[in-house]
$ cat upload_25.cif   # mmCIF, C-alpha atoms
data_run
#
loop_
_atom_site.label_atom_id
_atom_site.label_comp_id
_atom_site.auth_asym_id
_atom_site.auth_seq_id
_atom_site.Cartn_x
_atom_site.Cartn_y
_atom_site.Cartn_z
CA SER A 803 0.00 0.00 0.00
CA PRO A 804 1.17 3.59 -0.56
CA THR A 805 3.20 5.12 2.22
CA HIS A 806 1.74 8.08 4.09
CA LYS A 807 3.73 11.25 3.94
CA PRO A 808 3.40 14.57 5.69
CA GLY A 809 1.88 17.41 3.73
CA PRO A 810 3.51 18.84 0.61
CA GLN A 811 5.06 21.69 2.55
CA HIS A 812 7.61 19.20 3.82
CA THR A 813 8.60 18.13 0.31
CA THR A 814 10.36 19.98 -2.47
CA ILE A 815 7.08 21.53 -3.59
CA HIS A 816 7.12 25.30 -3.36
CA LYS A 817 3.96 26.91 -2.09
CA PRO A 818 2.70 29.82 -4.18
CA GLY A 819 3.61 33.39 -3.38
CA PRO A 820 0.93 36.04 -2.73
CA GLN A 821 0.71 36.90 -6.42
CA HIS A 822 -0.67 33.43 -7.13
CA THR A 823 -3.19 33.37 -4.30
CA THR A 824 -5.35 36.43 -4.80
CA THR A 825 -8.34 34.87 -3.06
CA HIS A 826 -6.33 33.39 -0.23
CA LYS A 827 -4.45 34.75 2.72
CA PRO A 828 -0.66 34.60 2.29
CA ASP A 829 0.97 31.25 3.07
CA PRO A 830 -2.08 28.99 2.57
CA GLU A 831 -2.18 25.89 4.77
CA TRP A 832 -4.52 23.64 2.77
CA GLY A 833 -4.30 21.81 -0.52
CA SER A 834 -6.87 20.61 -3.04
CA CYS A 835 -6.03 17.04 -3.99
CA SER A 836 -8.59 17.31 -6.81
CA LEU A 837 -7.06 20.36 -8.49
CA GLY A 838 -3.49 20.41 -7.26
CA VAL A 839 -3.70 23.92 -5.82
CA PHE A 840 -2.85 25.43 -2.44
CA ILE A 841 -5.74 27.17 -0.70
CA CYS A 842 -6.56 28.89 2.59
CA LEU A 843 -8.78 27.52 5.34
CA ILE A 844 -11.88 29.53 4.33
CA CYS A 845 -11.63 28.54 0.68
CA SER A 846 -11.03 24.90 1.65
CA GLY A 847 -14.55 24.85 3.08
CA ILE A 848 -15.95 26.14 -0.21
CA HIS A 849 -13.97 23.59 -2.24
CA ARG A 850 -15.11 20.77 0.05
CA ASN A 851 -18.76 21.50 -0.79
CA ILE A 852 -18.29 21.29 -4.57
CA PRO A 853 -18.80 17.79 -6.02
CA ASP A 854 -15.95 16.34 -8.11
CA ILE A 855 -13.35 18.80 -6.82
CA GLY A 856 -14.09 18.59 -3.11
CA LYS A 857 -11.11 16.61 -1.82
CA VAL A 858 -8.99 18.92 0.36
CA LYS A 859 -6.35 18.22 3.00
CA SER A 860 -4.45 20.17 5.60
CA LEU A 861 -0.78 20.59 4.75
CA ARG A 862 0.18 20.22 8.40
CA LEU A 863 -2.34 17.80 9.91
CA SER A 864 -3.37 15.40 7.16
CA CYS A 865 -1.58 12.33 5.84
CA TRP A 866 -0.84 12.44 2.13
CA GLU A 867 -0.54 9.56 -0.33
CA ASP A 868 2.48 9.44 -2.63
CA SER A 869 0.25 9.98 -5.63
CA GLU A 870 -1.33 13.08 -4.04
CA VAL A 871 2.05 14.66 -3.31
CA GLU A 872 3.16 13.97 -6.88
CA PHE A 873 -0.07 15.45 -8.22
CA MET A 874 0.48 18.67 -6.24
CA ALA A 875 4.06 18.85 -7.55
CA GLU A 876 2.96 18.33 -11.16
CA ASN A 877 0.23 20.98 -10.99
CA GLY A 878 0.20 23.93 -8.57
CA ASN A 879 -1.46 27.33 -8.49
CA GLU A 880 0.29 28.83 -11.48
CA ALA A 881 -0.65 25.93 -13.77
CA ALA A 882 -4.25 26.06 -12.51
CA LYS A 883 -4.38 29.80 -13.14
CA ILE A 884 -3.23 29.33 -16.74
CA LYS A 885 -5.94 26.73 -17.29
CA TYR A 886 -8.90 28.00 -15.28
CA GLU A 887 -8.31 31.76 -15.60
CA ALA A 888 -7.31 31.81 -19.26
CA ARG A 889 -10.09 34.21 -20.28
CA VAL A 890 -11.39 36.12 -17.27
CA PRO A 891 -13.17 39.26 -18.51
CA ALA A 892 -11.62 42.53 -17.34
CA TYR A 893 -14.85 43.52 -15.61
CA TYR A 894 -15.21 40.30 -13.59
CA TYR A 895 -14.49 40.99 -9.93
CA LYS A 896 -11.74 38.77 -8.54
CA PRO A 897 -12.19 38.67 -4.77
CA THR A 898 -9.35 38.86 -2.27
CA HIS A 899 -9.20 37.15 1.11
CA LYS A 900 -10.75 40.32 2.59
CA ASP A 901 -13.97 40.00 0.56
CA CYS A 902 -17.20 38.43 1.77
CA GLN A 903 -18.01 34.72 1.53
CA VAL A 904 -20.49 34.96 -1.37
CA LEU A 905 -17.93 36.59 -3.70
CA LYS A 906 -15.25 34.00 -2.91
CA GLU A 907 -17.72 31.13 -3.22
CA GLN A 908 -18.99 32.20 -6.65
CA TRP A 909 -15.48 32.97 -7.95
CA ILE A 910 -14.36 29.46 -7.01
CA LYS A 911 -17.48 27.88 -8.52
CA ALA A 912 -17.21 29.96 -11.69
CA LYS A 913 -13.59 28.89 -12.14
CA TYR A 914 -13.57 25.24 -11.18
CA GLU A 915 -17.16 23.97 -11.26
CA ARG A 916 -18.68 25.90 -14.19
CA MET A 917 -15.28 26.48 -15.87
CA GLU A 918 -16.42 29.84 -17.18
CA PHE A 919 -12.95 31.20 -17.90
CA THR A 920 -11.14 28.37 -19.70
CA GLN A 921 -9.66 28.89 -23.16
CA ASP A 922 -12.58 27.15 -24.88
CA ARG A 923 -15.32 28.77 -22.79
CA LYS A 924 -18.66 29.70 -24.29
CA SER A 925 -20.37 33.08 -24.03
CA LEU A 926 -20.92 34.37 -20.50
CA VAL A 927 -24.19 35.53 -18.99
CA TYR A 928 -22.53 38.80 -17.98
CA ASP A 929 -21.75 39.63 -21.61
CA GLU A 930 -25.36 39.61 -22.78
CA GLY A 931 -25.75 43.39 -22.43
CA SER A 932 -29.01 43.16 -20.52
CA ARG A 933 -30.47 41.50 -17.46
CA ASP A 934 -34.06 41.30 -16.22
CA GLY A 935 -35.15 39.72 -12.95
CA MET A 936 -36.58 40.01 -9.48
CA LEU A 937 -34.56 41.09 -6.44
CA MET A 938 -35.58 41.71 -2.85
CA LYS A 939 -35.34 45.45 -2.13
CA ARG A 940 -35.52 47.16 1.24
CA GLY A 941 -38.29 49.74 1.53
CA ARG A 942 -37.01 53.26 2.13
CA ASP A 943 -39.54 54.10 4.84
CA ASN A 944 -40.71 50.86 6.43
CA GLY A 945 -37.51 48.80 6.16
CA GLN A 946 -39.35 45.77 4.76
CA PHE A 947 -37.82 43.77 1.91
CA LEU A 948 -40.18 43.33 -1.03
CA SER A 949 -39.73 41.69 -4.44
CA ARG A 950 -38.99 44.24 -7.17
CA ARG A 951 -38.21 43.88 -10.86
CA PHE A 952 -34.83 45.19 -12.01
CA VAL A 953 -33.77 45.73 -15.63
CA LEU A 954 -30.17 46.39 -16.66
CA SER A 955 -29.56 47.72 -20.18
CA GLU A 956 -26.19 48.20 -21.87
CA ARG A 957 -27.83 49.96 -24.81
CA GLU A 958 -29.48 52.55 -22.56
CA GLY A 959 -26.70 52.61 -19.98
CA THR A 960 -29.24 52.29 -17.18
CA LEU A 961 -30.45 50.16 -14.31
CA LYS A 962 -34.20 50.49 -13.73
CA TYR A 963 -36.44 49.07 -11.07
CA PHE A 964 -40.21 48.65 -11.02
CA THR A 965 -42.53 48.31 -8.04
CA LYS A 966 -44.54 45.66 -9.93
CA SER A 967 -43.30 43.05 -12.37
CA ASP A 968 -45.79 44.20 -15.04
CA ALA A 969 -45.46 47.95 -14.42
CA LYS A 970 -44.84 50.02 -17.54
CA GLU A 971 -43.08 52.93 -15.86
CA PRO A 972 -40.01 52.38 -13.68
CA LYS A 973 -39.84 53.69 -10.13
CA ALA A 974 -36.27 54.79 -10.77
CA VAL A 975 -33.87 55.07 -13.70
CA ILE A 976 -30.25 54.91 -12.59
CA LYS A 977 -27.36 55.79 -14.90
CA VAL A 978 -24.74 53.05 -14.75
CA ASP A 979 -21.89 55.56 -14.70
CA THR A 980 -23.12 56.87 -11.33
CA ILE A 981 -23.50 53.42 -9.73
CA ASN A 982 -21.33 51.87 -7.07
CA ALA A 983 -22.20 48.37 -5.88
CA SER A 984 -20.68 46.63 -2.87
CA PHE A 985 -21.58 43.54 -0.90
CA GLN A 986 -22.70 44.37 2.65
CA PRO A 987 -23.87 41.11 4.27
CA GLU A 988 -23.49 42.28 7.86
CA LYS A 989 -25.10 45.68 7.35
CA ILE A 990 -28.05 44.29 5.37
CA GLY A 991 -28.40 41.21 7.53
CA ASN A 992 -28.27 38.73 4.64
CA PRO A 993 -25.22 36.80 3.34
CA ASN A 994 -26.19 37.86 -0.21
CA GLY A 995 -26.81 41.51 0.67
CA LEU A 996 -25.79 44.03 -2.02
CA GLN A 997 -25.77 47.82 -1.59
CA ILE A 998 -26.30 49.95 -4.69
CA THR A 999 -25.19 53.57 -4.32
CA TYR A 1000 -25.84 56.17 -7.00
CA LEU A 1001 -26.19 59.90 -7.53
CA LYS A 1002 -29.70 61.31 -7.72
CA ASP A 1003 -29.86 65.06 -8.31
CA TYR A 1004 -26.24 65.20 -7.09
CA SER A 1005 -27.21 63.56 -3.78
CA THR A 1006 -26.23 60.04 -2.80
CA ARG A 1007 -29.03 57.47 -2.77
CA ASN A 1008 -28.66 53.96 -1.32
CA ILE A 1009 -30.76 50.93 -2.11
CA PHE A 1010 -30.26 47.61 -0.32
CA LEU A 1011 -30.89 44.33 -2.13
CA TYR A 1012 -30.50 40.59 -1.82
CA HIS A 1013 -31.44 37.40 -3.63
CA GLU A 1014 -31.82 33.96 -2.09
CA SER A 1015 -29.45 32.60 -4.75
CA SER A 1016 -25.83 33.59 -4.20
CA LYS A 1017 -25.10 32.94 -7.88
CA GLU A 1018 -27.93 35.23 -8.97
CA ILE A 1019 -26.80 38.21 -6.87
CA VAL A 1020 -23.15 37.83 -7.93
CA ASP A 1021 -24.28 37.52 -11.57
CA TRP A 1022 -26.13 40.84 -11.18
CA PHE A 1023 -23.04 42.40 -9.64
CA ASN A 1024 -20.74 41.35 -12.48
CA SER A 1025 -23.34 42.21 -15.12
CA ILE A 1026 -23.43 45.77 -13.76
CA ARG A 1027 -19.64 45.89 -13.97
CA ALA A 1028 -19.76 44.61 -17.57
CA VAL A 1029 -22.20 47.35 -18.60
CA GLN A 1030 -20.11 49.96 -16.79
CA LEU A 1031 -16.97 48.88 -18.66
CA HIS A 1032 -18.82 49.08 -21.97
CA TYR A 1033 -19.95 52.62 -21.09
CA LEU A 1034 -16.41 53.67 -20.14
CA LYS A 1035 -14.94 52.26 -23.35
CA VAL A 1036 -17.34 54.47 -25.33
CA ALA A 1037 -16.69 57.50 -23.11
CA PHE A 1038 -12.88 57.05 -23.13
CA PRO A 1039 -12.05 55.35 -26.45
CA GLY A 1040 -8.30 55.79 -26.04
CA ALA A 1041 -8.11 54.18 -22.60
CA SER A 1042 -7.12 50.57 -22.01
CA GLU A 1043 -9.17 48.07 -20.01
CA PHE A 1044 -6.41 48.13 -17.41
CA GLU A 1045 -6.95 51.88 -16.96
CA LEU A 1046 -10.75 51.64 -16.94
CA THR A 1047 -11.28 48.66 -14.63
CA PRO A 1048 -10.46 50.60 -11.41
CA LYS A 1049 -13.33 52.96 -12.31
CA LEU A 1050 -15.89 50.17 -11.97
CA THR A 1051 -17.59 49.26 -8.69
CA ARG A 1052 -15.37 49.57 -5.65
CA ASN A 1053 -15.46 48.69 -1.99
CA PHE A 1054 -15.88 51.57 0.43
CA LEU A 1055 -12.57 52.68 1.90
CA LYS A 1056 -14.03 52.70 5.41
CA GLU A 1057 -17.35 52.73 7.25
CA GLY A 1058 -18.21 53.21 10.89
CA TYR A 1059 -19.56 55.49 13.59
CA MET A 1060 -18.17 58.89 14.54
CA GLU A 1061 -19.71 61.83 16.31
CA LYS A 1062 -20.07 65.17 14.52
CA THR A 1063 -21.14 68.70 15.27
CA GLY A 1064 -22.93 71.20 13.02
CA PRO A 1065 -21.55 74.05 10.90
CA ARG A 1066 -21.48 76.59 13.75
CA GLN A 1067 -19.40 74.10 15.78
CA THR A 1068 -21.34 75.07 18.90
CA GLU A 1069 -24.01 72.38 18.61
CA GLY A 1070 -23.75 69.13 20.51
CA PHE A 1071 -21.88 66.19 18.97
CA LYS A 1072 -24.21 63.46 17.66
CA LYS A 1073 -23.41 59.89 16.68
CA ARG A 1074 -23.66 59.27 12.94
CA TRP A 1075 -22.77 56.47 10.52
CA PHE A 1076 -20.00 57.50 8.09
CA THR A 1077 -19.07 56.02 4.72
CA LEU A 1078 -15.89 57.01 2.88
CA ASP A 1079 -16.37 56.29 -0.81
CA HIS A 1080 -13.29 57.46 -2.67
CA ARG A 1081 -13.39 61.26 -2.27
CA ARG A 1082 -16.87 61.46 -0.74
CA LEU A 1083 -17.34 61.24 3.02
CA MET A 1084 -21.06 60.71 3.61
CA TYR A 1085 -22.89 60.54 6.89
CA PHE A 1086 -26.19 58.94 7.82
CA LYS A 1087 -28.34 58.78 10.93
CA ASP A 1088 -28.64 55.02 10.40
CA PRO A 1089 -26.42 52.66 8.34
CA LEU A 1090 -29.46 51.64 6.23
CA ASP A 1091 -30.72 55.16 5.46
CA ALA A 1092 -31.68 55.75 1.84
CA PHE A 1093 -30.16 59.23 1.65
CA ALA A 1094 -27.04 60.73 3.14
CA LYS A 1095 -27.76 63.59 5.56
CA GLY A 1096 -24.66 65.32 4.28
CA GLU A 1097 -21.50 64.83 2.29
CA VAL A 1098 -17.97 66.21 2.42
CA PHE A 1099 -15.77 66.23 -0.67
CA LEU A 1100 -12.09 65.50 -0.05
CA GLY A 1101 -9.88 67.05 -2.70
CA HIS A 1102 -6.09 67.12 -3.00
CA ARG A 1103 -4.06 68.69 -0.21
CA ASP A 1104 -2.58 71.23 -2.65
CA LEU A 1105 -6.11 72.60 -3.06
CA GLY A 1106 -6.54 73.24 0.64
CA TYR A 1107 -7.83 69.88 1.94
CA SER A 1108 -6.32 68.25 5.00
CA ALA A 1109 -7.13 66.16 8.08
CA HIS A 1110 -5.45 66.10 11.47
CA ALA A 1111 -6.00 64.75 14.97
CA GLY A 1112 -7.65 66.92 17.60
CA LEU A 1113 -10.28 69.65 17.71
CA PRO A 1114 -9.80 73.46 17.71
CA SER A 1115 -9.13 74.90 21.15
CA GLY A 1116 -12.29 75.92 22.91
CA THR A 1117 -14.44 73.28 21.18
CA HIS A 1118 -17.03 71.97 23.61
CA SER A 1119 -17.46 68.21 23.15
CA ASN A 1120 -20.53 67.01 25.02
CA GLY A 1121 -20.19 63.38 23.92
CA ALA A 1122 -18.37 60.48 25.51
CA TRP A 1123 -15.95 60.16 22.60
CA ARG A 1124 -12.80 62.22 23.04
CA HIS A 1125 -10.56 61.33 20.08
CA GLY A 1126 -11.08 64.27 17.74
CA ILE A 1127 -10.52 64.74 14.02
CA THR A 1128 -10.61 68.02 12.10
CA ILE A 1129 -11.07 67.98 8.32
CA VAL A 1130 -10.16 71.28 6.67
CA THR A 1131 -11.64 72.21 3.27
CA PRO A 1132 -11.47 75.51 1.35
CA GLU A 1133 -15.02 76.31 2.51
CA ARG A 1134 -14.95 75.31 6.20
CA SER A 1135 -13.71 72.83 8.77
CA PHE A 1136 -15.58 69.70 9.89
CA LEU A 1137 -15.22 68.33 13.42
CA PHE A 1138 -15.61 64.68 14.42
CA THR A 1139 -14.85 62.50 17.43
CA CYS A 1140 -14.04 58.79 17.52
CA GLU A 1141 -14.65 56.18 20.19
CA SER A 1142 -11.01 55.07 20.39
CA GLU A 1143 -7.58 56.25 19.39
CA ALA A 1144 -7.27 53.24 17.07
CA GLU A 1145 -10.42 54.32 15.18
CA GLN A 1146 -9.18 57.91 15.06
CA GLN A 1147 -5.85 56.85 13.56
CA ASP A 1148 -7.51 54.53 11.04
CA TRP A 1149 -9.89 57.26 9.82
CA LEU A 1150 -6.97 59.73 9.61
CA LYS A 1151 -4.90 57.29 7.58
CA HIS A 1152 -7.71 56.94 5.04
CA PHE A 1153 -8.40 60.70 4.92
CA ASN A 1154 -4.72 61.49 4.37
CA ASP A 1155 -4.37 58.77 1.74
CA VAL A 1156 -7.28 60.35 -0.18
CA THR A 1157 -6.01 63.93 0.08
CA SER A 1158 -2.53 62.78 -0.99
CA ALA A 1159 -3.82 60.98 -4.11
CA GLN A 1160 -3.71 62.90 -7.36
CA MET A 1161 -7.11 63.95 -8.68
CA SER A 1162 -8.16 62.67 -12.09
CA PRO A 1163 -8.99 65.09 -14.91
CA GLN A 1164 -12.63 64.01 -14.53
CA GLU A 1165 -12.54 65.16 -10.90
CA TYR A 1166 -11.35 68.57 -11.98
CA SER A 1167 -13.74 69.08 -14.85
CA GLY A 1168 -16.87 67.82 -16.54
CA GLU A 1169 -19.73 66.09 -14.80
CA GLU A 1170 -17.76 65.05 -11.73
CA ALA A 1171 -16.67 68.63 -11.07
CA ASN A 1172 -20.27 69.77 -11.38
CA GLY A 1173 -21.23 66.98 -9.05
CA VAL A 1174 -18.59 68.06 -6.55
CA ALA A 1175 -19.90 71.62 -6.57
CA CYS A 1176 -23.41 70.37 -6.00
CA VAL A 1177 -22.27 67.94 -3.32
CA ARG A 1178 -20.66 70.84 -1.50
CA LEU A 1179 -23.81 72.91 -1.97
CA HIS A 1180 -25.91 69.95 -0.82
CA HIS A 1181 -23.79 69.69 2.30
CA HIS A 1182 -24.24 73.37 3.15
CA ILE A 1183 -27.97 73.11 2.47
CA THR A 1184 -28.44 70.00 4.58
CA ASP A 1185 -26.30 71.43 7.36
CA SER A 1186 -28.23 74.68 7.43
CA ARG A 1187 -31.54 72.87 7.38
CA ARG A 1188 -30.41 70.59 10.17
CA ALA A 1189 -28.35 73.00 12.24
CA ARG A 1190 -28.93 70.85 15.27
CA ASP A 1191 -27.75 67.63 13.62
#

$ encode --input "upload_25.cif" --output "C-alpha cells"
Amino acid sequence: SPTHKPGPQHTTIHKPGPQHTTTHKPDPEWGSCSLGVFICLICSGIHRNIPDIGKVKSLRLSCWEDSEVEFMAENGNEAAKIKYEARVPAYYYKPTHKDCQVLKEQWIKAKYERMEFTQDRKSLVYDEGSRDGMLMKRGRDNGQFLSRRFVLSEREGTLKYFTKSDAKEPKAVIKVDTINASFQPEKIGNPNGLQITYLKDYSTRNIFLYHESSKEIVDWFNSIRAVQLHYLKVAFPGASEFELTPKLTRNFLKEGYMEKTGPRQTEGFKKRWFTLDHRRLMYFKDPLDAFAKGEVFLGHRDLGYSAHAGLPSGTHSNGAWRHGITIVTPERSFLFTCESEAEQQDWLKHFNDVTSAQMSPQEYSGEEANGVACVRLHHHITDSRRARD
C-alpha cells in the first residue's frame, strides 16, 4: 500500500507566493487534492462543498498519499491559473481574502465547477448586455424587503427598477456611470446583501438588495460591472481596459460610527454612521438610510484639503468620545470624534491617503466637477436645514 507522507510543505514543492493566491491569505495551509492547488482555510470549506473537486487536505495535519504529493508537484497554483483563468473578462471581480463569503464562493465555482474562464469557454451571462429579474429590495420608509423587478440595459446605460413586475413605468432610472455596488452582508443582515449607491440630483441614494441565490446576486453584480466597462470604453475610447477597470464598482474605503457637530461648531456632537467612498465622506443617521444627511468632498491637499488629529481649542465636546478629528476644506472645517484612538488613527490614515492621491482630470472638470460643486452645496444646504444635527 502507498506510504503516508506529511503534507507537501515538507517536500520539495514550493507553495505559491501572494501573487498566485489572490483569493487566499498569504501562506495557505490547505491543498486541493482534486485540483493540485494550495488554498486557505476559508476557501477549503468552499472547495469541500463542490462535487468532483471537493477533496482537500491540511498541509500540516493530514496524511498524504504518494500519488497526491506527486499530483500537487505536477500541478500547482500557477498551472491552474493558466488553465482556469485563461479568459477572465476585465470587468469580472476577482475577490481577495478580505472580501465576503459569497464573492469567494462564486469565484471558485465559476472557475472550477462551471469552468467559465477556460480557453474554450462559451459566451458568458454577464456579456449579454441586458439583465431582467426580481430582487428583494428594502423599503425606504418601512424597512421591509419586497420583491422588485430590475432591468439592466447596456444599450441605454441604465439600471431600472419597477414596483410591480408588469409595471410600464419604472420607479427609478439609474445611470450606470453613477453606480457603485458593494456587498454588505453584515449591514443588510443577509449573506447575499448588495448595496447599490448612486447619484440622484447630485445627492447620494442607497438601495439595499438581496437574492436567495448567491449565484444570482453575484451575476447581477458582475453584469453591472460589464455594462459599466462598456460605457467607459465608449466614453474614453483611447483608454485601455487596465486603466478603466479601477473605475468600476469599488469597496468603500471605510465605514463606521463617529460623532459630529454642526456648521457653527457650537451644537452638541451626535453619533452618525459614516461612509468614505473614494473622495466622498457621507454621513447617515442610520447605516441603512436611503439618503445621506450630508457629504464632504475630499480634494487634494494642494487645493486646501487636510485632516489632522484633535479639535480646535475651545471646542465643547458634550459626547463620551474624546478622540477628535478636524477635516479642513477651502469652505470650512468639519469636526468629528471617535470612540477610540485606534479608530481615530484609522480614519486619519484613510483621509490622508485620499487627500494625498492625485485627482483625475474628470474630478477637476466635466460632470464630476459639477457633481462636486453640487455635493458641497448639498452639504451646506443640509447642514443649514439641520443646524442641530

$ closest_atom_pairs --input "upload_25.cif" --of "region 979-1058 of chain A" --to "region 907-922 of chain A" --cutoff "9 Å" --atoms "all atoms listed in the file" --output "Markdown table"
| residue | atom | partner | partner_atom | distance |
| --- | --- | --- | --- | --- |
| A:Ser1016 | CA | A:Gln908 | CA | 7.4 |
| A:Lys1017 | CA | A:Gln908 | CA | 6.3 |
| A:Val1020 | CA | A:Gln908 | CA | 7.1 |
| A:Asp1021 | CA | A:Gln908 | CA | 9.0 |

$ axis_aligned_box --input "upload_25.cif" --around "region 1102-1114 of chain A" --padding-each-side "4 Å" --output "JSON"
{"center_x": -6.4, "center_y": 69.1, "center_z": 7.3, "size_x": 15.7, "size_y": 16.7, "size_z": 28.8}

$ atom_distance --input "upload_25.cif" --atom1 "CA of Phe1071 (chain A)" --atom2 "CA of Gln986 (chain A)"
27.3 Å

$ resolve_selection --input "upload_25.cif" --expression "the PyMOL selection byres ((chain A and resi 1140-1152) around 8)" --output "list in words"
Leu1055, Lys1056, Tyr1059, Met1060, Glu1061, Ala1109, His1110, Ala1111, Ala1122, Trp1123, Arg1124, His1125, Gly1126, Ile1127, Phe1138, Thr1139, Phe1153, Asn1154, Asp1155 and Val1156 of chain A

$ resolve_selection --input "upload_25.cif" --expression "the PyMOL selection byres ((chain A and resi 1001) around 12)" --output "PyMOL selection string"
chain A and resi 974-982+998-1000+1002-1009+1082+1092-1094+1097+1169-1170+1173-1174+1176-1177

$ write_last_selection --input "upload_25.cif" --atoms "C-alpha atoms" --output "PDB file, in the coordinates of the input"
ATOM      1  CA  ALA A 974     -36.270  54.790 -10.770  1.00  0.00           C
ATOM      2  CA  VAL A 975     -33.870  55.070 -13.700  1.00  0.00           C
ATOM      3  CA  ILE A 976     -30.250  54.910 -12.590  1.00  0.00           C
ATOM      4  CA  LYS A 977     -27.360  55.790 -14.900  1.00  0.00           C
ATOM      5  CA  VAL A 978     -24.740  53.050 -14.750  1.00  0.00           C
ATOM      6  CA  ASP A 979     -21.890  55.560 -14.700  1.00  0.00           C
ATOM      7  CA  THR A 980     -23.120  56.870 -11.330  1.00  0.00           C
ATOM      8  CA  ILE A 981     -23.500  53.420  -9.730  1.00  0.00           C
ATOM      9  CA  ASN A 982     -21.330  51.870  -7.070  1.00  0.00           C
ATOM     10  CA  ILE A 998     -26.300  49.950  -4.690  1.00  0.00           C
ATOM     11  CA  THR A 999     -25.190  53.570  -4.320  1.00  0.00           C
ATOM     12  CA  TYR A1000     -25.840  56.170  -7.000  1.00  0.00           C
ATOM     13  CA  LYS A1002     -29.700  61.310  -7.720  1.00  0.00           C
ATOM     14  CA  ASP A1003     -29.860  65.060  -8.310  1.00  0.00           C
ATOM     15  CA  TYR A1004     -26.240  65.200  -7.090  1.00  0.00           C
ATOM     16  CA  SER A1005     -27.210  63.560  -3.780  1.00  0.00           C
ATOM     17  CA  THR A1006     -26.230  60.040  -2.800  1.00  0.00           C
ATOM     18  CA  ARG A1007     -29.030  57.470  -2.770  1.00  0.00           C
ATOM     19  CA  ASN A1008     -28.660  53.960  -1.320  1.00  0.00           C
ATOM     20  CA  ILE A1009     -30.760  50.930  -2.110  1.00  0.00           C
ATOM     21  CA  ARG A1082     -16.870  61.460  -0.740  1.00  0.00           C
ATOM     22  CA  ALA A1092     -31.680  55.750   1.840  1.00  0.00           C
ATOM     23  CA  PHE A1093     -30.160  59.230   1.650  1.00  0.00           C
ATOM     24  CA  ALA A1094     -27.040  60.730   3.140  1.00  0.00           C
ATOM     25  CA  GLU A1097     -21.500  64.830   2.290  1.00  0.00           C
ATOM     26  CA  GLU A1169     -19.730  66.090 -14.800  1.00  0.00           C
ATOM     27  CA  GLU A1170     -17.760  65.050 -11.730  1.00  0.00           C
ATOM     28  CA  GLY A1173     -21.230  66.980  -9.050  1.00  0.00           C
ATOM     29  CA  VAL A1174     -18.590  68.060  -6.550  1.00  0.00           C
ATOM     30  CA  CYS A1176     -23.410  70.370  -6.000  1.00  0.00           C
ATOM     31  CA  VAL A1177     -22.270  67.940  -3.320  1.00  0.00           C
TER      32      VAL A1177
END

$ atom_distance --input "upload_25.cif" --atom1 "CA of Pro1114 (chain A)" --atom2 "CA of Arg1066 (chain A)"
12.7 Å

$ atom_distance --input "upload_25.cif" --atom1 "CA of Glu1018 (chain A)" --atom2 "CA of Tyr895 (chain A)"
14.7 Å

$ closest_atom_pairs --input "upload_25.cif" --of "region 930-996 of chain A" --to "region 1033-1053 of chain A" --cutoff "7 Å" --atoms "only C-alpha atoms" --output "JSON lines"
{"residue": "A:Gly959", "atom": "CA", "partner": "A:Tyr1033", "partner_atom": "CA", "distance": 6.8}
{"residue": "A:Asn982", "atom": "CA", "partner": "A:Thr1051", "partner_atom": "CA", "distance": 4.8}
{"residue": "A:Ala983", "atom": "CA", "partner": "A:Thr1051", "partner_atom": "CA", "distance": 5.5}
{"residue": "A:Ser984", "atom": "CA", "partner": "A:Asn1053", "partner_atom": "CA", "distance": 5.7}

$ write_last_selection --input "upload_25.cif" --atoms "C-alpha atoms" --output "PDB file, keeping the file's coordinate frame"
ATOM      1  CA  GLY A 959     -26.700  52.610 -19.980  1.00  0.00           C
ATOM      2  CA  ASN A 982     -21.330  51.870  -7.070  1.00  0.00           C
ATOM      3  CA  ALA A 983     -22.200  48.370  -5.880  1.00  0.00           C
ATOM      4  CA  SER A 984     -20.680  46.630  -2.870  1.00  0.00           C
TER       5      SER A 984
END

$ residues_near_point --input "upload_25.cif" --point "(-18.4, 55.9, 5.6)" --cutoff "6 Å" --atoms "all atoms listed in the file" --output "ChimeraX atom specification"
/A:1056-1058,1076-1078,1084

$ write_last_selection --input "upload_25.cif" --atoms "C-alpha atoms" --output "PDB file, keeping the file's coordinate frame"
ATOM      1  CA  LYS A1056     -14.030  52.700   5.410  1.00  0.00           C
ATOM      2  CA  GLU A1057     -17.350  52.730   7.250  1.00  0.00           C
ATOM      3  CA  GLY A1058     -18.210  53.210  10.890  1.00  0.00           C
ATOM      4  CA  PHE A1076     -20.000  57.500   8.090  1.00  0.00           C
ATOM      5  CA  THR A1077     -19.070  56.020   4.720  1.00  0.00           C
ATOM      6  CA  LEU A1078     -15.890  57.010   2.880  1.00  0.00           C
ATOM      7  CA  MET A1084     -21.060  60.710   3.610  1.00  0.00           C
TER       8      MET A1084
END

$ closest_residue --input "upload_25.cif" --among "A:Ser1108, A:Ser932, A:Thr1117, A:Asn992" --to "Arg1027 (chain A)" --atoms "all atoms listed in the file"
A:Ser932

$ residues_around --input "upload_25.cif" --residues "Pro987 (chain A)" --least-positions-apart "4" --cutoff "12 Å" --atoms "only C-alpha atoms" --output "list in words"
Asp901, Cys902, Gln903, Val904, Leu905, Gly991, Asn992, Pro993, Asn994, Gly995, Leu996, Gln997, Phe1010, Leu1011, Tyr1012, His1013, Ser1016 and Ile1019 of chain A
